[in-house]
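Trainee: Contents of model_0.csv (CSV, C-alpha atoms) are given next:
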chain,number,residue,atom,x,y,z
A,1,PHE,CA,75.5,-23.2,-25.1
A,2,GLY,CA,74.5,-25.9,-22.5
A,3,CYS,CA,73.5,-24.7,-19.1
A,4,ALA,CA,74.5,-21.0,-18.7
A,5,VAL,CA,73.3,-19.7,-22.1
A,6,MET,CA,70.1,-21.7,-22.2
A,7,THR,CA,69.2,-20.8,-18.6
A,8,GLY,CA,70.1,-17.1,-18.8
A,9,VAL,CA,68.8,-16.2,-22.3
A,10,GLY,CA,66.0,-18.7,-22.1
A,11,ALA,CA,64.7,-17.3,-18.8
A,12,VAL,CA,64.5,-13.9,-20.5
A,13,ARG,CA,62.8,-15.1,-23.6
A,14,ASN,CA,60.6,-18.0,-22.4
A,15,SER,CA,60.0,-17.6,-18.7
A,16,ALA,CA,59.9,-13.8,-18.2
A,17,LYS,CA,58.9,-12.9,-21.8
A,18,VAL,CA,60.8,-9.6,-21.5
A,19,GLN,CA,59.4,-7.0,-23.9
A,20,PRO,CA,61.1,-3.9,-25.4
A,21,GLY,CA,61.4,-1.1,-22.9
A,22,ASP,CA,61.0,-3.3,-19.8
A,23,SER,CA,63.4,-2.9,-16.9
A,24,VAL,CA,65.5,-5.9,-15.9
A,25,ALA,CA,67.8,-6.5,-12.9
A,26,VAL,CA,70.2,-9.4,-12.6
A,27,VAL,CA,71.4,-10.5,-9.2
A,28,GLY,CA,74.6,-12.4,-9.7
A,29,CYS,CA,76.8,-11.9,-12.8
A,30,GLY,CA,78.4,-15.3,-13.3
A,31,GLY,CA,77.9,-17.4,-16.5
A,32,VAL,CA,74.1,-17.6,-16.1
A,33,GLY,CA,73.6,-13.9,-15.0
A,34,LEU,CA,75.7,-12.5,-17.8
A,35,ASN,CA,73.6,-14.4,-20.2
A,36,VAL,CA,70.5,-12.9,-18.7
A,37,VAL,CA,72.1,-9.5,-19.4
A,38,GLN,CA,72.6,-10.5,-23.0
A,39,GLY,CA,69.1,-11.9,-23.3
A,40,ALA,CA,67.7,-8.7,-21.9
A,41,ARG,CA,69.7,-6.6,-24.4
A,42,ILE,CA,68.6,-8.8,-27.3
A,43,ALA,CA,65.0,-8.5,-26.1
A,44,GLY,CA,65.2,-4.7,-26.2
A,45,ALA,CA,65.0,-4.0,-22.4
A,46,GLY,CA,65.1,-0.3,-21.6
A,47,ARG,CA,67.1,-0.7,-18.4
A,48,ILE,CA,69.4,-3.6,-17.6
A,49,ILE,CA,70.9,-3.4,-14.1
A,50,ALA,CA,73.7,-5.8,-13.2
A,51,ILE,CA,74.2,-6.5,-9.5
A,52,ASP,CA,77.3,-8.4,-8.2
A,53,ARG,CA,80.1,-8.0,-5.7
A,54,VAL,CA,83.0,-8.5,-8.1
A,55,PRO,CA,84.0,-5.4,-10.1
A,56,GLU,CA,85.4,-7.4,-13.0
A,57,LYS,CA,82.1,-9.2,-13.5
A,58,LEU,CA,80.2,-5.9,-13.4
A,59,ALA,CA,82.6,-4.5,-16.1
A,60,LEU,CA,81.9,-7.5,-18.2
A,61,ALA,CA,78.2,-7.1,-17.7
A,62,GLN,CA,78.5,-3.6,-19.1
A,63,GLU,CA,80.3,-4.9,-22.1
A,64,LEU,CA,77.5,-7.4,-22.7
A,65,GLY,CA,74.7,-4.8,-22.4
A,66,ALA,CA,74.1,-3.7,-18.8
A,67,THR,CA,73.0,-0.1,-18.8
A,68,GLU,CA,73.8,0.2,-15.0
A,69,VAL,CA,75.8,-1.7,-12.4
A,70,ILE,CA,75.5,-2.0,-8.7
A,71,ASN,CA,78.3,-3.3,-6.5
A,72,SER,CA,76.3,-5.0,-3.7
A,73,ALA,CA,79.4,-5.1,-1.6
A,74,GLU,CA,79.4,-1.3,-1.4
A,75,VAL,CA,75.7,-0.4,-1.5
A,76,ASP,CA,72.2,-1.9,-0.9
A,77,PRO,CA,70.6,-2.4,-4.3
A,78,ALA,CA,67.1,-1.6,-2.8
A,79,ALA,CA,68.4,1.8,-1.8
A,80,VAL,CA,69.5,2.5,-5.3
A,81,LEU,CA,66.3,1.1,-6.9
A,82,PRO,CA,63.4,2.2,-4.6
A,83,GLU,CA,61.0,2.2,-7.5
A,84,GLY,CA,61.7,-1.4,-8.3
A,85,VAL,CA,62.2,-3.3,-11.6
A,86,ASP,CA,59.8,-5.2,-13.9
A,87,HIS,CA,61.8,-8.4,-14.0
A,88,VAL,CA,64.4,-9.4,-11.4
A,89,PHE,CA,66.5,-12.5,-12.1
A,90,GLU,CA,68.3,-14.2,-9.2
A,91,ALA,CA,71.1,-16.2,-10.7
A,92,ILE,CA,73.1,-17.4,-7.7
A,93,GLY,CA,70.8,-19.6,-5.5
A,94,ARG,CA,71.6,-18.1,-2.1
A,95,THR,CA,68.8,-17.2,0.3
A,96,ASP,CA,70.2,-13.7,0.9
A,97,THR,CA,70.3,-12.9,-2.8
A,98,ILE,CA,66.9,-14.4,-3.3
A,99,GLU,CA,65.6,-12.0,-0.7
A,100,THR,CA,67.4,-9.2,-2.4
A,101,ALA,CA,65.8,-10.1,-5.7
A,102,ILE,CA,62.3,-10.2,-4.2
A,103,SER,CA,62.8,-6.8,-2.6
A,104,LEU,CA,63.6,-5.2,-6.0
A,105,VAL,CA,60.4,-6.2,-7.8
A,106,ALA,CA,58.2,-3.2,-8.8
A,107,PRO,CA,54.4,-3.4,-8.5
A,108,GLY,CA,53.1,-5.7,-11.2
A,109,GLY,CA,56.6,-7.2,-11.7
A,110,GLN,CA,58.2,-10.6,-11.1
A,111,ALA,CA,61.2,-12.2,-9.5
A,112,LEU,CA,62.5,-15.2,-11.4
A,113,LEU,CA,64.6,-17.6,-9.4
A,114,ILE,CA,67.0,-19.3,-11.8
A,115,GLY,CA,70.0,-20.0,-9.5
A,116,MET,CA,70.2,-23.4,-7.9
A,117,ALA,CA,69.3,-23.0,-4.2
A,118,PRO,CA,70.4,-25.7,-1.8
A,119,VAL,CA,67.8,-28.4,-0.9
A,120,GLY,CA,65.7,-27.3,1.9
A,121,ALA,CA,66.5,-23.6,1.6
A,122,THR,CA,63.7,-21.2,2.6
A,123,VAL,CA,63.1,-17.5,2.4
A,124,PRO,CA,60.5,-15.4,4.2
A,125,ILE,CA,57.8,-13.8,2.1
A,126,THR,CA,54.8,-11.6,3.0
A,127,PRO,CA,51.9,-13.0,0.9
A,128,LEU,CA,49.7,-9.9,1.4
A,129,ASP,CA,52.4,-7.6,0.1
A,130,LEU,CA,52.6,-9.7,-3.1
A,131,THR,CA,48.8,-9.6,-3.4
A,132,LEU,CA,48.4,-5.9,-2.8
A,133,THR,CA,51.2,-5.0,-5.3
A,134,ASP,CA,50.4,-7.7,-7.9
A,135,ARG,CA,54.0,-8.9,-7.7
A,136,SER,CA,55.0,-12.5,-8.4
A,137,ILE,CA,57.8,-14.9,-7.6
A,138,ARG,CA,58.4,-17.8,-9.9
A,139,GLY,CA,61.1,-20.4,-10.8
A,140,SER,CA,62.5,-21.1,-14.2
A,141,TRP,CA,64.2,-24.4,-14.8
A,142,TYR,CA,66.8,-24.3,-17.7
A,143,GLY,CA,65.2,-21.1,-18.9
A,144,GLY,CA,62.0,-22.9,-20.0
A,145,VAL,CA,64.0,-24.1,-23.0
A,146,VAL,CA,62.8,-26.6,-25.6
A,147,PRO,CA,66.2,-27.8,-27.0
A,148,GLU,CA,64.7,-28.7,-30.5
A,149,ARG,CA,63.4,-25.1,-30.8
A,150,ASP,CA,65.8,-22.9,-28.8
A,151,PHE,CA,69.2,-24.3,-29.7
A,152,SER,CA,69.0,-23.2,-33.3
A,153,ILE,CA,67.7,-19.8,-32.3
A,154,LEU,CA,70.6,-19.1,-30.0
A,155,ILE,CA,73.2,-20.5,-32.4
A,156,ASP,CA,71.8,-18.1,-35.0
A,157,LEU,CA,72.0,-15.2,-32.5
A,158,TYR,CA,75.7,-16.2,-31.9
A,159,ARG,CA,76.5,-16.4,-35.6
A,160,SER,CA,74.9,-13.0,-36.2
A,161,GLY,CA,77.0,-11.4,-33.4
A,162,GLU,CA,74.1,-10.5,-31.2
A,163,LEU,CA,74.9,-13.2,-28.6
A,164,ARG,CA,78.5,-12.7,-27.5
A,165,MET,CA,80.2,-15.8,-26.2
A,166,ASP,CA,83.9,-15.1,-26.6
A,167,SER,CA,84.2,-12.8,-23.7
A,168,ILE,CA,82.5,-15.2,-21.3
A,169,VAL,CA,84.4,-18.4,-22.1
A,170,GLN,CA,87.9,-18.8,-21.0
A,171,ARG,CA,89.9,-21.5,-22.8
A,172,ILE,CA,92.3,-23.4,-20.6
A,173,ALA,CA,94.7,-26.3,-20.9
A,174,LEU,CA,94.0,-29.5,-18.9
A,175,ASP,CA,97.1,-28.6,-16.8
A,176,ASP,CA,95.3,-25.3,-15.7
A,177,ILE,CA,92.2,-27.0,-14.3
A,178,ASN,CA,93.2,-26.6,-10.6
A,179,GLU,CA,93.7,-22.9,-11.1
A,180,ALA,CA,90.3,-22.7,-12.8
A,181,PHE,CA,88.7,-24.4,-9.8
A,182,ASP,CA,90.4,-22.0,-7.5
A,183,ALA,CA,89.0,-19.1,-9.5
A,184,ILE,CA,85.5,-20.6,-9.2
A,185,ARG,CA,85.9,-20.9,-5.4
A,186,ARG,CA,86.9,-17.2,-5.3
A,187,GLY,CA,83.9,-16.2,-7.3
A,188,GLU,CA,86.1,-14.9,-10.2
A,189,ALA,CA,85.4,-17.4,-12.9
A,190,ILE,CA,82.7,-17.1,-15.6
A,191,ARG,CA,83.0,-20.3,-17.7
A,192,SER,CA,86.1,-22.3,-18.5
A,193,VAL,CA,86.5,-24.8,-21.3
A,194,ILE,CA,89.3,-27.2,-21.5
A,195,VAL,CA,91.0,-27.2,-25.0
A,196,TYR,CA,93.0,-30.4,-25.7
A,197,PRO,CA,96.1,-30.3,-27.8
Using structure tokens, write down the structure from this file.
Mentor:
Amino acid sequence: FGCAVMTGVGAVRNSAKVQPGDSVAVVGCGGVGLNVVQGARIAGAGRIIAIDRVPEKLALAQELGATEVINSAEVDPAAVLPEGVDHVFEAIGRTDTIETAISLVAPGGQALLIGMAPVGATVPITPLDLTLTDRSIRGSWYGGVVPERDFSILIDLYRSGELRMDSIVQRIALDDINEAFDAIRRGEAIRSVIVYP
């Protein structure tokens, strides 16, 4: 439950305060982004749009609750979503994906930066555009989680079957650790847990 679940689900519940019927887009469907998808489903979001470049991650996002997927290697998400989205979560931390997330926010909506950008990274913004459309950009550290409050809530969601963890976590042996790191470098891994004999 550590980082990915707390950051993803927590950002939906605590930082964005997604309400039933809201629209949500997730840029980046790794461990954190997939948990944003789950958090949005649990919150009752009306549209949940998963955006990634890896087809397998998009398929998993659909299994976890995404109502739509966009392969950003094939199409510009802004062209598919010209009306924008209420809550856009950037879960990678790259400047180009942060810019994509900001471009997808509907008037009155918000972009939440939950991916870890490199120190010193910057992105251009047009302040007047934000003002005239009442859009906002905010950060969310660890999903705004208060561990004493939120861990038990998320564990209860897991036990009830609403929070699905088994399809996100790959169990590996210690001997497979190098293959797991290679999968991370290729952008194919979600979360790996070493199981000791």
Trainee: Atom CA of A:Asn71 and atom CA of A:Val54 are how many Å apart?
Mentor: 7.2 Å
Trainee: For A:Ile42, please output as a ChimeraX atom specification all residues within 8 Å (counting only C-alpha atoms; exclusion window: fewer than 3 positions along the same chain).
Mentor: /A:38-39,45,162-163
Trainee: To one decimal place, how far is atom CA of A:Lys57 from atom CA of A:Val69 in Å?
Mentor: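 Atom-to-atom, atom CA of A:Lys57 and atom CA of A:Val69 are spaced 9.9 Å apart.
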Trainee: So, counting all atoms listed in the file, which residue among A:Ser152, A:Ser23, A:Ser140, A:Val195 is closest to A:Gly109?
Mentor: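 Checking each of A:Ser152, A:Ser23, A:Ser140, A:Val195 against A:Gly109, counting all atoms listed in the file, the winner is A:Ser23.
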Trainee: Would you mind telling me which residue in A:Asp86, A:Glu68, A:Glu74, A:Glu63 lies nearest to A:Val18 when using all atoms listed in the file?
Mentor: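 Using all atoms listed in the file, the shortest distance to A:Val18 belongs to A:Asp86.
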Trainee: Within 10 Å of (67.7, -21.2, -20.4) in the file's own coordinates, which protein, DNA or RNA residues have an atom, counting only C-alpha atoms? List them as a compact mmCIF listing (two decimals) with C-alpha atoms, keeping the file's coordinate frame.
Mentor:
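The file below, out_34.txt, is the result:
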# COMPACT_ATOMS: atom_id res chain seq x y z
CA PHE A 1 75.50 -23.20 -25.10
CA GLY A 2 74.50 -25.90 -22.50
CA CYS A 3 73.50 -24.70 -19.10
CA ALA A 4 74.50 -21.00 -18.70
CA VAL A 5 73.30 -19.70 -22.10
CA MET A 6 70.10 -21.70 -22.20
CA THR A 7 69.20 -20.80 -18.60
CA GLY A 8 70.10 -17.10 -18.80
CA VAL A 9 68.80 -16.20 -22.30
CA GLY A 10 66.00 -18.70 -22.10
CA ALA A 11 64.70 -17.30 -18.80
CA VAL A 12 64.50 -13.90 -20.50
CA ARG A 13 62.80 -15.10 -23.60
CA ASN A 14 60.60 -18.00 -22.40
CA SER A 15 60.00 -17.60 -18.70
CA VAL A 32 74.10 -17.60 -16.10
CA ASN A 35 73.60 -14.40 -20.20
CA VAL A 36 70.50 -12.90 -18.70
CA GLY A 39 69.10 -11.90 -23.30
CA ILE A 114 67.00 -19.30 -11.80
CA SER A 140 62.50 -21.10 -14.20
CA TRP A 141 64.20 -24.40 -14.80
CA TYR A 142 66.80 -24.30 -17.70
CA GLY A 143 65.20 -21.10 -18.90
CA GLY A 144 62.00 -22.90 -20.00
CA VAL A 145 64.00 -24.10 -23.00
CA VAL A 146 62.80 -26.60 -25.60
CA PRO A 147 66.20 -27.80 -27.00
CA ASP A 150 65.80 -22.90 -28.80
CA PHE A 151 69.20 -24.30 -29.70
Trainee: Which residue out of A:Leu130, A:Ile137, A:Ala40, A:Val26 has the minimum interatomic distance to A:Ile70 when all atoms listed in the file are used?
Mentor: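 So, comparing all the options, the nearest one is A:Val26.
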Trainee: Please write as a VMD selection string the list of polymer residues whose atoms come within 10 Å of (68.4, -10.4, -4.7), counting all atoms listed in the file and keeping to the coordinates of the file.
Mentor: chain A and resid 25 to 28 51 to 52 72 77 to 78 88 to 105 111 113
Trainee: Considering only C-alpha atoms, return as an mmCIF file with C-alpha atoms, keeping the file's coordinate frame whatever protein or nucleic-acid residues lie within 10 Å of stretch 179-187 of chain A, sequence-local ones (same chain, fewer than 3 positions apart) excluded.
Mentor:
data_model
loop_
_atom_site.group_PDB
_atom_site.id
_atom_site.type_symbol
_atom_site.label_atom_id
_atom_site.label_comp_id
_atom_site.auth_asym_id
_atom_site.auth_seq_id
_atom_site.Cartn_x
_atom_site.Cartn_y
_atom_site.Cartn_z
ATOM 1 C CA CYS A 29 76.800 -11.900 -12.800
ATOM 2 C CA GLY A 30 78.400 -15.300 -13.300
ATOM 3 C CA ARG A 53 80.100 -8.000 -5.700
ATOM 4 C CA VAL A 54 83.000 -8.500 -8.100
ATOM 5 C CA LYS A 57 82.100 -9.200 -13.500
ATOM 6 C CA GLN A 170 87.900 -18.800 -21.000
ATOM 7 C CA ILE A 172 92.300 -23.400 -20.600
ATOM 8 C CA ALA A 173 94.700 -26.300 -20.900
ATOM 9 C CA LEU A 174 94.000 -29.500 -18.900
ATOM 10 C CA ASP A 175 97.100 -28.600 -16.800
ATOM 11 C CA ASP A 176 95.300 -25.300 -15.700
ATOM 12 C CA ILE A 190 82.700 -17.100 -15.600
ATOM 13 C CA ARG A 191 83.000 -20.300 -17.700
ATOM 14 C CA SER A 192 86.100 -22.300 -18.500
ATOM 15 C CA VAL A 193 86.500 -24.800 -21.300
ATOM 16 C CA ILE A 194 89.300 -27.200 -21.500
#
Trainee: Here is a test: counting only C-alpha atoms, which residue of A:Leu81, A:Leu34, A:Leu154, A:Ala43 is nearest to A:Leu58?
Mentor: A:Leu34
